[in-house]
$ cat target.txt   # compact mmCIF, C-alpha atoms
# COMPACT_ATOMS: atom_id res chain seq x y z
CA MET A 6 0.00 0.00 0.00
CA ALA A 7 1.08 3.56 -0.63
CA TYR A 8 0.42 6.75 1.28
CA ALA A 9 0.84 10.24 -0.08
CA GLY A 10 1.32 12.78 2.69
CA GLY A 11 -0.30 16.19 2.70
CA GLU A 12 1.33 19.57 2.63
CA GLY A 13 2.74 21.62 5.47
CA ALA A 14 3.99 20.88 8.95
CA ALA A 15 2.58 18.34 11.34
CA LYS A 16 -1.14 18.90 11.96
CA PRO A 17 -3.79 16.89 13.85
CA GLN A 18 -4.80 15.18 10.59
CA TYR A 19 -1.40 13.55 10.35
CA ASN A 20 -2.34 11.36 13.29
CA ILE A 21 -4.32 9.35 10.74
CA ARG A 22 -2.62 5.99 10.19
CA GLU A 23 -2.99 3.24 7.65
CA ASP A 24 -4.66 0.92 10.16
CA HIS A 25 -7.34 3.57 10.73
CA VAL A 26 -8.00 3.79 7.00
CA LYS A 27 -8.13 -0.01 6.68
CA GLU A 28 -10.73 -0.25 9.43
CA ALA A 29 -12.91 2.39 7.82
CA LEU A 30 -12.58 0.72 4.41
CA LYS A 31 -13.49 -2.66 5.89
CA ALA A 32 -16.61 -1.26 7.55
CA ASP A 33 -17.60 0.48 4.33
CA LYS A 34 -16.75 -2.03 1.60
CA GLY A 35 -16.35 -5.32 3.46
CA SER A 36 -13.45 -7.48 4.58
CA GLU A 37 -12.54 -8.43 0.99
CA ALA A 38 -11.60 -4.86 0.05
CA VAL A 39 -7.81 -4.34 -0.29
CA LEU A 40 -6.33 -0.92 0.41
CA ASN A 41 -3.94 0.17 -2.37
CA PHE A 42 -3.35 3.85 -1.73
CA TRP A 43 -4.52 6.62 0.57
CA GLN A 44 -3.95 10.34 0.86
CA ILE A 45 -4.96 13.08 3.26
CA LYS A 46 -6.75 15.87 1.43
CA ASP A 47 -7.80 18.92 3.40
CA LEU A 48 -11.32 20.11 2.75
CA ALA A 49 -11.75 23.27 0.73
CA GLU A 50 -14.77 24.35 2.78
CA LYS A 51 -14.32 25.77 6.23
CA GLY A 52 -16.35 24.02 8.91
CA ASP A 53 -17.26 25.00 12.42
CA ASN A 54 -14.16 23.43 13.97
CA PHE A 55 -16.10 23.90 17.20
CA SER A 56 -14.37 21.04 18.97
CA SER A 57 -12.47 19.16 16.25
CA SER A 58 -10.40 19.48 13.09
CA VAL A 59 -11.97 18.17 9.88
CA THR A 60 -10.16 16.72 6.89
CA SER A 61 -10.69 14.00 4.30
CA VAL A 62 -8.89 10.85 3.19
CA LYS A 63 -8.89 9.79 -0.46
CA VAL A 64 -8.65 6.01 -0.89
CA ARG A 65 -7.99 3.70 -3.80
CA PHE A 66 -8.86 0.03 -3.22
CA SER A 67 -9.35 -3.30 -4.98
CA LEU A 68 -12.44 -5.47 -4.65
CA MET A 69 -13.35 -8.54 -6.70
CA GLY A 70 -10.70 -7.76 -9.29
CA GLU A 71 -11.75 -4.17 -9.81
CA THR A 72 -10.07 -0.96 -8.63
CA SER A 73 -12.25 1.78 -7.18
CA LYS A 74 -12.01 5.02 -5.26
CA VAL A 75 -13.75 6.34 -2.17
CA SER A 76 -13.36 9.32 0.15
CA TYR A 77 -13.95 9.68 3.90
CA VAL A 78 -14.42 12.74 6.04
CA VAL A 79 -12.38 12.51 9.24
CA LYS A 80 -13.07 14.52 12.39
CA ILE A 81 -10.03 14.69 14.69
CA CYS A 82 -9.85 15.80 18.31
CA PRO A 83 -7.11 18.42 18.92
CA PRO A 84 -4.20 17.21 21.08
CA ARG A 85 -4.85 18.09 24.70
CA SER A 86 -1.19 18.93 25.31
CA LYS A 87 -1.65 22.09 23.27
CA MET A 88 -4.74 23.21 25.10
CA ALA A 89 -5.07 25.13 28.31
CA GLN A 90 -8.05 25.04 30.67
CA VAL A 91 -10.49 23.36 28.31
CA ALA A 92 -8.36 20.24 27.81
CA GLU A 93 -11.21 17.74 28.15
CA PHE A 94 -13.95 19.65 26.37
CA PRO A 95 -13.18 18.62 22.75
CA LEU A 96 -12.76 15.00 23.82
CA LYS A 97 -16.14 15.03 25.56
CA MET A 98 -17.79 16.42 22.45
CA MET A 99 -16.11 13.81 20.24
CA LYS A 100 -17.27 11.00 22.52
CA LYS A 101 -20.73 12.54 22.46
CA GLU A 102 -20.81 12.59 18.65
CA ASN A 103 -19.37 9.08 18.46
CA GLU A 104 -22.11 7.81 20.77
CA PHE A 105 -24.72 9.40 18.53
CA PHE A 106 -23.41 7.75 15.36
CA GLN A 107 -22.60 4.36 16.89
CA GLU A 108 -25.47 3.89 19.33
CA ILE A 109 -28.28 6.42 18.99
CA LEU A 110 -28.58 6.83 15.21
CA PRO A 111 -28.90 3.09 14.44
CA LYS A 112 -31.75 2.85 16.95
CA LEU A 113 -33.51 5.89 15.54
CA ASN A 114 -33.16 4.53 12.01
CA SER A 115 -34.45 1.15 13.12
CA GLU A 116 -37.63 2.78 14.43
CA LEU A 117 -38.13 4.67 11.18
CA THR A 118 -37.39 1.85 8.75
CA SER A 119 -39.63 -0.57 10.67
CA LEU A 120 -42.50 1.78 9.78
CA GLY A 121 -41.53 2.14 6.14
CA HIS A 122 -39.65 5.44 6.46
CA HIS A 123 -36.11 5.92 5.19
CA ASN A 124 -33.09 6.46 7.41
CA LEU A 125 -32.39 9.87 8.84
CA ARG A 126 -30.43 11.97 6.37
CA MET A 127 -27.04 12.00 8.02
CA PRO A 128 -23.64 10.68 6.91
CA LYS A 129 -22.80 7.04 7.59
CA TRP A 130 -20.34 6.25 10.36
CA PHE A 131 -17.48 3.83 9.60
CA TYR A 132 -14.81 3.92 12.29
CA THR A 133 -13.77 5.60 15.54
CA SER A 134 -10.38 5.63 17.24
CA LEU A 135 -10.26 6.70 20.87
CA GLU A 136 -6.51 6.25 21.23
CA GLU A 137 -5.26 9.00 23.54
CA ASN A 138 -4.44 12.22 21.71
CA LYS A 139 -5.32 10.54 18.41
CA GLU A 140 -9.08 10.38 18.69
CA MET A 141 -10.90 10.53 15.37
CA ILE A 142 -14.13 9.58 13.59
CA PHE A 143 -14.39 8.40 9.97
CA LEU A 144 -17.64 9.35 8.23
CA GLU A 145 -19.10 9.12 4.75
CA ASP A 146 -17.96 11.87 2.39
CA LEU A 147 -21.26 13.19 1.10
CA ARG A 148 -19.59 14.94 -1.82
CA ASP A 149 -19.33 11.51 -3.45
CA LEU A 150 -23.14 11.39 -3.44
CA GLY A 151 -23.54 14.80 -5.04
CA PHE A 152 -24.10 16.84 -1.88
CA GLU A 153 -22.57 20.26 -1.47
CA VAL A 154 -22.51 23.13 0.97
CA PHE A 155 -24.95 26.00 0.58
CA LYS A 156 -23.25 28.52 -1.69
CA ASP A 157 -24.17 31.81 -0.05
CA CYS A 158 -24.56 31.37 3.67
CA LYS A 159 -24.14 35.12 4.17
CA VAL A 160 -27.39 35.71 2.28
CA GLY A 161 -29.21 32.95 4.16
CA LEU A 162 -31.37 29.98 3.27
CA ASP A 163 -34.44 30.51 1.13
CA GLU A 164 -37.84 28.87 1.64
CA ALA A 165 -37.09 25.67 -0.29
CA HIS A 166 -33.85 24.97 1.60
CA THR A 167 -35.39 25.86 4.96
CA LYS A 168 -38.36 23.52 4.61
CA LEU A 169 -36.10 20.60 3.69
CA VAL A 170 -34.08 21.15 6.87
CA LEU A 171 -37.11 21.58 9.11
CA GLN A 172 -38.72 18.42 7.76
CA GLU A 173 -35.57 16.46 8.52
CA LEU A 174 -35.38 17.92 12.01
CA ALA A 175 -39.00 16.87 12.48
CA ARG A 176 -38.11 13.28 11.53
CA LEU A 177 -35.20 13.28 13.97
CA HIS A 178 -37.35 14.63 16.80
CA ALA A 179 -40.26 12.27 16.11
CA ALA A 180 -37.98 9.25 15.78
CA SER A 181 -36.61 9.96 19.25
CA LEU A 182 -40.16 9.78 20.63
CA LEU A 183 -40.71 6.46 18.85
CA LEU A 184 -37.53 5.17 20.48
CA LYS A 185 -38.57 6.53 23.87
CA ALA A 186 -41.94 4.77 23.60
CA LYS A 187 -40.28 1.45 22.70
CA MET A 188 -37.86 1.72 25.61
CA GLN A 189 -40.73 2.42 27.96
CA ILE A 190 -42.47 -0.78 26.85
CA LEU A 191 -39.36 -3.00 26.80
CA HIS A 192 -38.11 -1.89 30.19
CA GLU A 193 -41.55 -1.37 31.75
CA GLU A 194 -40.31 2.07 32.73
CA PRO A 195 -43.25 4.25 33.79
CA ASP A 196 -41.09 7.38 33.79
CA SER A 197 -40.24 7.58 30.11
CA GLU A 198 -38.53 10.94 30.60
CA LYS A 199 -35.58 9.15 32.18
CA GLY A 200 -35.31 6.52 29.48
CA LEU A 201 -33.17 8.23 26.87
CA ALA A 202 -31.15 10.16 29.44
CA LEU A 203 -30.19 6.94 31.22
CA ALA A 204 -29.75 4.77 28.13
CA PHE A 205 -26.92 6.81 26.65
CA LYS A 206 -23.85 7.90 28.56
CA TYR A 207 -22.92 11.13 26.81
CA ILE A 208 -26.25 12.59 25.74
CA ASN A 209 -26.32 14.60 28.97
CA GLU A 210 -22.77 15.89 28.47
CA ASP A 211 -23.38 19.39 27.21
CA TRP A 212 -21.20 22.41 26.54
CA THR A 213 -23.43 24.30 28.98
CA THR A 214 -22.83 21.83 31.84
CA LEU A 215 -19.06 21.89 32.09
CA LYS A 216 -16.49 22.26 34.80
CA GLU A 217 -16.07 25.77 36.12
CA ASP A 218 -12.92 26.53 34.11
CA GLU A 219 -14.40 25.02 30.93
CA GLU A 220 -17.61 27.00 31.36
CA ALA A 221 -15.66 30.21 31.90
CA GLU A 222 -13.73 29.60 28.68
CA GLN A 223 -16.88 28.97 26.66
CA ASN A 224 -18.57 32.02 28.19
CA SER A 225 -15.59 34.09 27.15
CA LYS A 226 -15.66 32.79 23.57
CA CYS A 227 -19.37 33.51 23.20
CA SER A 228 -19.06 36.93 24.78
CA VAL A 229 -16.63 38.14 22.11
CA SER A 230 -19.27 38.07 19.37
CA LEU A 231 -21.93 39.62 21.61
CA VAL A 232 -19.63 42.49 22.55
CA GLU A 233 -18.91 43.03 18.85
CA ALA A 234 -22.63 42.96 18.12
CA GLU A 235 -23.29 45.57 20.78
CA ALA A 236 -20.52 47.77 19.34
CA PHE A 237 -21.96 47.40 15.85
CA LEU A 238 -25.41 48.49 17.03
CA ALA A 239 -23.90 51.45 18.88
CA LYS A 240 -22.01 52.45 15.73
CA ASP A 241 -25.21 52.20 13.72
CA GLY A 242 -26.83 54.60 16.15
CA GLY A 243 -30.09 52.71 16.63
CA CYS A 244 -31.79 49.62 18.07
CA GLU A 245 -31.58 50.69 21.69
CA VAL A 246 -33.77 47.75 22.71
CA ALA A 247 -31.36 45.27 21.14
CA ARG A 248 -28.35 47.03 22.65
CA ARG A 249 -29.87 46.74 26.13
CA TRP A 250 -30.61 43.07 25.53
CA LEU A 251 -27.03 42.37 24.43
CA ASP A 252 -25.64 44.32 27.37
CA MET A 253 -27.76 42.22 29.72
CA HIS A 254 -26.48 38.88 28.38
CA LYS A 255 -23.03 39.54 26.91
CA ASN A 256 -21.02 38.59 30.02
CA LYS A 257 -22.77 35.31 30.82
CA PRO A 258 -24.55 34.05 27.72
CA LEU A 259 -24.51 30.46 29.05
CA ASP A 260 -26.97 31.44 31.76
CA LEU A 261 -29.47 32.44 29.09
CA VAL A 262 -28.84 29.26 27.09
CA LYS A 263 -29.35 27.07 30.16
CA SER A 264 -32.67 28.72 30.94
CA PHE A 265 -34.03 27.51 27.59
CA LEU A 266 -32.68 23.96 27.93
CA VAL A 267 -34.72 23.01 30.98
CA ARG A 268 -36.54 19.84 29.98
CA GLN A 269 -40.34 19.58 30.04
CA THR A 270 -42.53 16.57 29.37
CA LYS A 271 -44.54 17.91 26.44
CA PHE A 272 -41.48 19.13 24.55
CA ASP A 273 -38.63 16.71 25.10
CA VAL A 274 -36.87 15.14 22.11
CA ILE A 275 -33.37 14.36 20.87
CA CYS A 276 -32.21 17.57 19.24
CA HIS A 277 -29.40 18.21 16.78
CA GLY A 278 -28.19 21.12 18.90
CA ASP A 279 -26.11 22.84 16.21
CA CYS A 280 -28.32 22.91 13.12
CA TRP A 281 -27.29 25.91 11.05
CA VAL A 282 -26.22 26.54 7.49
CA ASN A 283 -22.56 25.55 8.03
CA ASN A 284 -23.64 22.10 9.25
CA LEU A 285 -25.81 21.26 6.25
CA GLN A 286 -25.22 19.88 2.76
CA PHE A 287 -27.74 19.81 -0.08
CA ARG A 288 -28.27 17.82 -3.25
CA TYR A 289 -29.83 19.63 -6.24
CA ASN A 290 -31.74 18.57 -9.34
CA GLU A 291 -30.90 19.61 -12.89
CA ASP A 292 -32.80 22.86 -12.43
CA GLY A 293 -30.71 23.80 -9.40
CA GLU A 294 -33.54 23.17 -6.94
CA PRO A 295 -32.68 21.57 -3.57
CA VAL A 296 -34.17 18.07 -3.33
CA GLU A 297 -32.40 16.55 -0.33
CA VAL A 298 -30.52 17.71 2.76
CA MET A 299 -27.98 16.05 5.03
CA LEU A 300 -27.55 17.07 8.68
CA LEU A 301 -23.91 17.15 9.79
CA ASP A 302 -21.93 17.63 13.03
CA LEU A 303 -23.85 15.98 15.85
CA GLN A 304 -21.37 16.84 18.61
CA LEU A 305 -23.98 18.98 20.42
CA ASN A 306 -26.92 16.53 20.32
CA ARG A 307 -29.03 16.77 23.46
CA LEU A 308 -32.46 16.22 25.00
CA ALA A 309 -34.37 19.49 24.76
CA SER A 310 -37.38 21.21 23.23
CA PRO A 311 -37.70 20.93 19.44
CA ALA A 312 -38.18 24.70 19.50
CA THR A 313 -34.50 25.11 20.37
CA ASP A 314 -33.48 23.46 17.10
CA ILE A 315 -36.09 25.42 15.14
CA ASN A 316 -35.13 28.79 16.59
CA TYR A 317 -31.44 28.01 16.18
CA LEU A 318 -31.92 27.29 12.48
CA LEU A 319 -34.23 30.19 11.69
CA TYR A 320 -32.17 32.82 13.51
CA THR A 321 -28.69 31.70 12.46
CA SER A 322 -29.34 30.72 8.85
CA LEU A 323 -32.09 32.95 7.44
CA HIS A 324 -32.44 36.63 6.80
CA GLY A 325 -34.79 38.13 9.36
CA ASP A 326 -37.29 39.23 6.72
CA ASN A 327 -37.60 35.62 5.53
CA ARG A 328 -38.06 34.33 9.07
CA LYS A 329 -40.57 37.04 10.04
CA THR A 330 -42.68 36.52 6.93
CA ASN A 331 -42.69 32.73 6.81
CA TRP A 332 -42.25 31.37 10.36
CA ARG A 333 -45.85 30.12 10.60
CA ASP A 334 -45.54 28.36 7.25
CA TYR A 335 -42.21 26.87 8.34
CA LEU A 336 -43.70 25.54 11.58
CA SER A 337 -46.62 24.03 9.66
CA SER A 338 -44.20 22.21 7.36
CA TYR A 339 -42.30 20.91 10.40
CA TYR A 340 -45.49 19.92 12.20
CA ASP A 341 -46.97 18.00 9.26
CA THR A 342 -43.81 15.90 8.93
CA PHE A 343 -43.58 15.33 12.69
CA ARG A 344 -47.22 14.26 12.87
CA GLY A 345 -46.82 11.90 9.92
CA VAL A 346 -44.02 9.99 11.65
CA MET A 347 -45.86 9.89 14.98
CA GLU A 348 -49.09 8.62 13.41
CA SER A 349 -47.29 5.92 11.45
CA GLY A 350 -45.93 4.65 14.77
CA GLY A 351 -49.36 4.68 16.38
CA LEU A 352 -48.47 7.54 18.73
CA GLY A 353 -50.62 10.56 19.42
CA MET A 354 -49.34 14.11 19.19
CA LEU A 355 -48.07 15.60 22.42
CA PHE A 356 -48.75 19.16 21.30
CA THR A 357 -50.93 21.05 18.86
CA LEU A 358 -49.65 23.33 16.12
CA GLU A 359 -50.74 26.33 18.17
CA GLU A 360 -48.81 25.02 21.17
CA LEU A 361 -45.76 24.62 18.93
CA HIS A 362 -46.22 28.25 17.88
CA GLN A 363 -46.22 29.29 21.52
CA GLU A 364 -43.19 27.16 22.33
CA TYR A 365 -41.30 28.58 19.37
CA ARG A 366 -42.08 32.15 20.42
CA SER A 367 -41.11 31.42 24.02
CA LYS A 368 -37.65 30.28 22.86
CA MET A 369 -37.14 33.33 20.62
CA GLU A 370 -34.26 34.71 22.68
CA TYR A 371 -32.43 31.39 22.35
CA GLY A 372 -32.42 31.91 18.60
CA MET A 373 -31.48 35.57 18.93
CA LEU A 374 -28.45 34.72 21.05
CA TYR A 375 -27.05 32.18 18.61
CA GLY A 376 -28.04 34.37 15.68
CA SER A 377 -26.06 37.25 17.17
CA MET A 378 -22.97 35.07 17.43
CA THR A 379 -23.16 33.28 14.08
CA VAL A 380 -24.20 36.22 11.91
CA ALA A 381 -21.44 38.29 13.48
CA LEU A 382 -19.02 35.49 12.59
CA LEU A 383 -20.20 35.41 8.98
CA MET A 384 -19.95 39.16 8.68
CA ARG A 385 -16.47 39.21 10.22
CA GLU A 386 -15.30 36.63 7.67
CA SER A 387 -16.77 38.49 4.71
CA PRO A 388 -14.28 38.54 1.81
CA SER A 389 -15.67 41.91 0.77
CA SER A 390 -14.47 43.64 3.90
CA PRO A 391 -11.59 43.15 6.35
CA GLY A 392 -13.91 43.92 9.26
CA TRP A 393 -17.57 43.09 9.59
CA MET A 394 -18.44 46.49 11.07
CA GLY A 395 -17.61 47.90 7.67
CA GLY A 396 -19.44 45.13 5.84
CA SER A 397 -22.05 45.47 3.14
CA LYS A 398 -25.47 46.98 3.66
CA HIS A 399 -26.96 43.54 3.16
CA PHE A 400 -25.04 42.18 6.13
CA GLN A 401 -26.14 45.12 8.22
CA THR A 402 -29.81 44.58 7.43
CA ARG A 403 -29.53 40.87 8.14
CA PHE A 404 -27.89 41.57 11.47
CA LEU A 405 -30.38 44.23 12.52
CA ALA A 406 -33.27 41.96 11.51
CA LEU A 407 -32.26 39.53 14.26
CA TYR A 408 -33.86 41.84 16.77
CA GLY A 409 -37.02 42.72 14.88
CA GLU A 410 -39.35 40.66 17.07
CA LEU A 411 -37.69 41.96 20.24
CA ILE A 412 -38.21 45.55 19.14
CA GLU A 413 -41.85 44.86 18.26
CA GLN A 414 -42.47 43.41 21.72
CA GLU A 415 -41.07 46.58 23.30
CA ARG A 416 -43.54 48.79 21.42
$ encode --input "target.txt" --output "structure tokens"
Amino acid sequence: MAYAGGEGAAKPQYNIREDHVKEALKADKGSEAVLNFWQIKDLAEKGDNFSSSVTSVKVRFSLMGETSKVSYVVKICPPRSKMAQVAEFPLKMMKKENEFFQEILPKLNSELTSLGHHNLRMPKWFYTSLEENKEMIFLEDLRDLGFEVFKDCKVGLDEAHTKLVLQELARLHAASLLLKAKMQILHEEPDSEKGLALAFKYINEDWTTLKEDEEAEQNSKCSVSLVEAEAFLAKDGGCEVARRWLDMHKNKPLDLVKSFLVRQTKFDVICHGDCWVNNLQFRYNEDGEPVEVMLLDLQLNRLASPATDINYLLYTSLHGDNRKTNWRDYLSSYYDTFRGVMESGGLGMLFTLEELHQEYRSKMEYGMLYGSMTVALLMRESPSSPGWMGGSKHFQTRFLALYGELIEQER
């Protein structure tokens, strides 16, 4: 077998070894597949890199006398020796994501396929290494299936893209309730609320429930964008209501997040936790219309209200005018898909559409907080301007639109 190294000095991706690649290939193509060549190829697109580095491995292999190619996306935990106070945080998040792909996702898919639904639209998992300081996860490279990132995340998702994502979130949320119901029957557990939380080790490990030093570090990281947002609004000379809101939460944003993650019986599902435009890929038809979505990066999956996922998506990934105009239509699209899965499993709805409206509106500030951070990030990285405060008028209107509902409530 041959390996072609990448460019540059030693990076986390160069912890990838041939035995890792062989294990992933075996899980993907079967034990008869023979590895001939592999090469690390950094991804052109920038990801979140919230708690891991992301790269890809190009593979050439032989199977049944034929030579073929395949590519894997590899998520790698940063070496703890190079990290300060938050040494264990990335490892916890990697273990959390690994648990989702290895243990939770197969069970969710089993519930769906037993009822005639297709698997959740997420990449396939092939291999995980938890060797100390060389932890990594091999996943399906969706580019091989024709999926691609959304081209203009600074503009925001349109209606067609948004509905695809919300429908897939609805299937994820509903599938978790199917699984919860099955666990309640199998284990004769009257308190079904404890079922999922007890069944999986890392689902309760959250970036908001960290050690004191880890929490302080995350608070600090989040505060940077909120302080910038406040400065931008001050520079603009308006939106006093939004400026007061940012000033209230900029020093301890985690306190606000935690207040919206308190679990309640009626609204308690497995959530994606980080569903925004950077963690999505789409497949398009010949006319350029989106026909399928894939949800990526499950390192923040948690038990919470579905309204947290919905608000997160609509505030981080849409222009405010789109969200304000279409949020009822979006929630109806979500609700219809959710209800279809629940009814196929013989389960009744736990909430009405109107109750979902109320829950969505009650979690509005959760979306605003993440929207403030992510839109500021997108504006800061704008190629058209070295600093987001001097960004285009479009960016300014998108940012100001985050606070439209808040301003209306004040009137």
$ closest_residue --input "target.txt" --among "A:Leu110, A:Glu413, A:Val262, A:His123" --to "Ile275 in chain A" --atoms "all atoms listed in the file"
A:Leu110
$ residues_around --input "target.txt" --residues "range 210-227 of chain A" --least-positions-apart "3" --cutoff "8 Å" --atoms "all atoms listed in the file" --output "PyMOL selection string"
chain A and resi 90-91+94+97-98+101+207+230-231+255-259+262-263+305+307+378
$ residues_around --input "target.txt" --residues "Phe66 in chain A" --least-positions-apart "4" --cutoff "10 Å" --atoms "all atoms listed in the file" --output "PDB file with C-alpha atoms, in the coordinates of the input"
ATOM      1  CA  MET A   6       0.000   0.000   0.000  1.00  0.00           C
ATOM      2  CA  LYS A  27      -8.130  -0.010   6.680  1.00  0.00           C
ATOM      3  CA  LEU A  30     -12.580   0.720   4.410  1.00  0.00           C
ATOM      4  CA  LYS A  34     -16.750  -2.030   1.600  1.00  0.00           C
ATOM      5  CA  ALA A  38     -11.600  -4.860   0.050  1.00  0.00           C
ATOM      6  CA  VAL A  39      -7.810  -4.340  -0.290  1.00  0.00           C
ATOM      7  CA  LEU A  40      -6.330  -0.920   0.410  1.00  0.00           C
ATOM      8  CA  ASN A  41      -3.940   0.170  -2.370  1.00  0.00           C
ATOM      9  CA  PHE A  42      -3.350   3.850  -1.730  1.00  0.00           C
ATOM     10  CA  TRP A  43      -4.520   6.620   0.570  1.00  0.00           C
ATOM     11  CA  GLU A  71     -11.750  -4.170  -9.810  1.00  0.00           C
ATOM     12  CA  THR A  72     -10.070  -0.960  -8.630  1.00  0.00           C
ATOM     13  CA  SER A  73     -12.250   1.780  -7.180  1.00  0.00           C
ATOM     14  CA  LYS A  74     -12.010   5.020  -5.260  1.00  0.00           C
ATOM     15  CA  VAL A  75     -13.750   6.340  -2.170  1.00  0.00           C
TER      16      VAL A  75
END
$ closest_residue --input "target.txt" --among "A:His362, A:Leu352, A:Asn306, A:Tyr289" --to "Tyr335 in chain A" --atoms "only C-alpha atoms"
A:His362
$ closest_residue --input "target.txt" --among "A:Thr321, A:Gln363, A:Val380, A:Gly409" --to "Asp279 in chain A" --atoms "only C-alpha atoms"
A:Thr321
$ atom_distance --input "target.txt" --atom1 "CA of Leu174 in chain A" --atom2 "CA of Glu410 in chain A"
23.6 Å
$ atom_distance --input "target.txt" --atom1 "CA of Met373 in chain A" --atom2 "CA of Leu201 in chain A"
28.5 Å
$ atom_distance --input "target.txt" --atom1 "CA of Asp33 in chain A" --atom2 "CA of Trp130 in chain A"
8.8 Å
$ residues_around --input "target.txt" --residues "Leu113 in chain A" --least-positions-apart "5" --cutoff "7 Å" --atoms "all atoms listed in the file" --output "list in words"
Ala180, Ser181 and Leu184 of chain A
$ write_last_selection --input "target.txt" --atoms "C-alpha atoms" --output "CSV table (one decimal), in the coordinates of the input"
chain,number,residue,atom,x,y,z
A,180,ALA,CA,-38.0,9.2,15.8
A,181,SER,CA,-36.6,10.0,19.2
A,184,LEU,CA,-37.5,5.2,20.5
$ closest_residue --input "target.txt" --among "A:Ser337, A:Gln18, A:Gly345, A:Ala29" --to "Glu359 in chain A" --atoms "all atoms listed in the file"
A:Ser337
$ residues_around --input "target.txt" --residues "Ala406 in chain A" --least-positions-apart "4" --cutoff "9 Å" --atoms "only C-alpha atoms" --output "MDAnalysis selection string"
chainID A and resid 324:326 329 401:402 410
$ residues_near_point --input "target.txt" --point "(-9.4, 18.5, 15.1)" --cutoff "9 Å" --atoms "only C-alpha atoms" --output "PyMOL selection string"
chain A and resi 16-18+54-60+79-84+95+140-141
$ write_last_selection --input "target.txt" --atoms "C-alpha atoms" --output "PDB file, in the frame of the given file"
ATOM      1  CA  LYS A  16      -1.140  18.900  11.960  1.00  0.00           C
ATOM      2  CA  PRO A  17      -3.790  16.890  13.850  1.00  0.00           C
ATOM      3  CA  GLN A  18      -4.800  15.180  10.590  1.00  0.00           C
ATOM      4  CA  ASN A  54     -14.160  23.430  13.970  1.00  0.00           C
ATOM      5  CA  PHE A  55     -16.100  23.900  17.200  1.00  0.00           C
ATOM      6  CA  SER A  56     -14.370  21.040  18.970  1.00  0.00           C
ATOM      7  CA  SER A  57     -12.470  19.160  16.250  1.00  0.00           C
ATOM      8  CA  SER A  58     -10.400  19.480  13.090  1.00  0.00           C
ATOM      9  CA  VAL A  59     -11.970  18.170   9.880  1.00  0.00           C
ATOM     10  CA  THR A  60     -10.160  16.720   6.890  1.00  0.00           C
ATOM     11  CA  VAL A  79     -12.380  12.510   9.240  1.00  0.00           C
ATOM     12  CA  LYS A  80     -13.070  14.520  12.390  1.00  0.00           C
ATOM     13  CA  ILE A  81     -10.030  14.690  14.690  1.00  0.00           C
ATOM     14  CA  CYS A  82      -9.850  15.800  18.310  1.00  0.00           C
ATOM     15  CA  PRO A  83      -7.110  18.420  18.920  1.00  0.00           C
ATOM     16  CA  PRO A  84      -4.200  17.210  21.080  1.00  0.00           C
ATOM     17  CA  PRO A  95     -13.180  18.620  22.750  1.00  0.00           C
ATOM     18  CA  GLU A 140      -9.080  10.380  18.690  1.00  0.00           C
ATOM     19  CA  MET A 141     -10.900  10.530  15.370  1.00  0.00           C
TER      20      MET A 141
END
$ closest_residue --input "target.txt" --among "A:Lys63, A:Asn124, A:Glu23, A:Leu169" --to "Gln286 in chain A" --atoms "only C-alpha atoms"
A:Leu169
$ closest_residue --input "target.txt" --among "A:Ala165, A:Ile412, A:Leu117, A:Leu308" --to "Gly293 in chain A" --atoms "all atoms listed in the file"
A:Ala165
$ residues_near_point --input "target.txt" --point "(-39.7, 33.7, 12.8)" --cutoff "9 Å" --atoms "all atoms listed in the file" --output "ChimeraX atom specification"
/A:316,319-320,325-333,335,365-366,369,410
$ write_last_selection --input "target.txt" --atoms "C-alpha atoms" --output "PDB file, keeping the file's coordinate frame"
ATOM      1  CA  ASN A 316     -35.130  28.790  16.590  1.00  0.00           C
ATOM      2  CA  LEU A 319     -34.230  30.190  11.690  1.00  0.00           C
ATOM      3  CA  TYR A 320     -32.170  32.820  13.510  1.00  0.00           C
ATOM      4  CA  GLY A 325     -34.790  38.130   9.360  1.00  0.00           C
ATOM      5  CA  ASP A 326     -37.290  39.230   6.720  1.00  0.00           C
ATOM      6  CA  ASN A 327     -37.600  35.620   5.530  1.00  0.00           C
ATOM      7  CA  ARG A 328     -38.060  34.330   9.070  1.00  0.00           C
ATOM      8  CA  LYS A 329     -40.570  37.040  10.040  1.00  0.00           C
ATOM      9  CA  THR A 330     -42.680  36.520   6.930  1.00  0.00           C
ATOM     10  CA  ASN A 331     -42.690  32.730   6.810  1.00  0.00           C
ATOM     11  CA  TRP A 332     -42.250  31.370  10.360  1.00  0.00           C
ATOM     12  CA  ARG A 333     -45.850  30.120  10.600  1.00  0.00           C
ATOM     13  CA  TYR A 335     -42.210  26.870   8.340  1.00  0.00           C
ATOM     14  CA  TYR A 365     -41.300  28.580  19.370  1.00  0.00           C
ATOM     15  CA  ARG A 366     -42.080  32.150  20.420  1.00  0.00           C
ATOM     16  CA  MET A 369     -37.140  33.330  20.620  1.00  0.00           C
ATOM     17  CA  GLU A 410     -39.350  40.660  17.070  1.00  0.00           C
TER      18      GLU A 410
END
$ residues_around --input "target.txt" --residues "range 155-164 of chain A" --least-positions-apart "6" --cutoff "7 Å" --atoms "all atoms listed in the file" --output "number ranges by chain"
A: 282, 286-287, 322-324, 383
$ axis_aligned_box --input "target.txt" --around "range 243-252 of chain A" --padding-each-side "5 Å" --output "JSON"
{"center_x": -29.7, "center_y": 47.5, "center_z": 22.0, "size_x": 18.1, "size_y": 20.3, "size_z": 20.7}
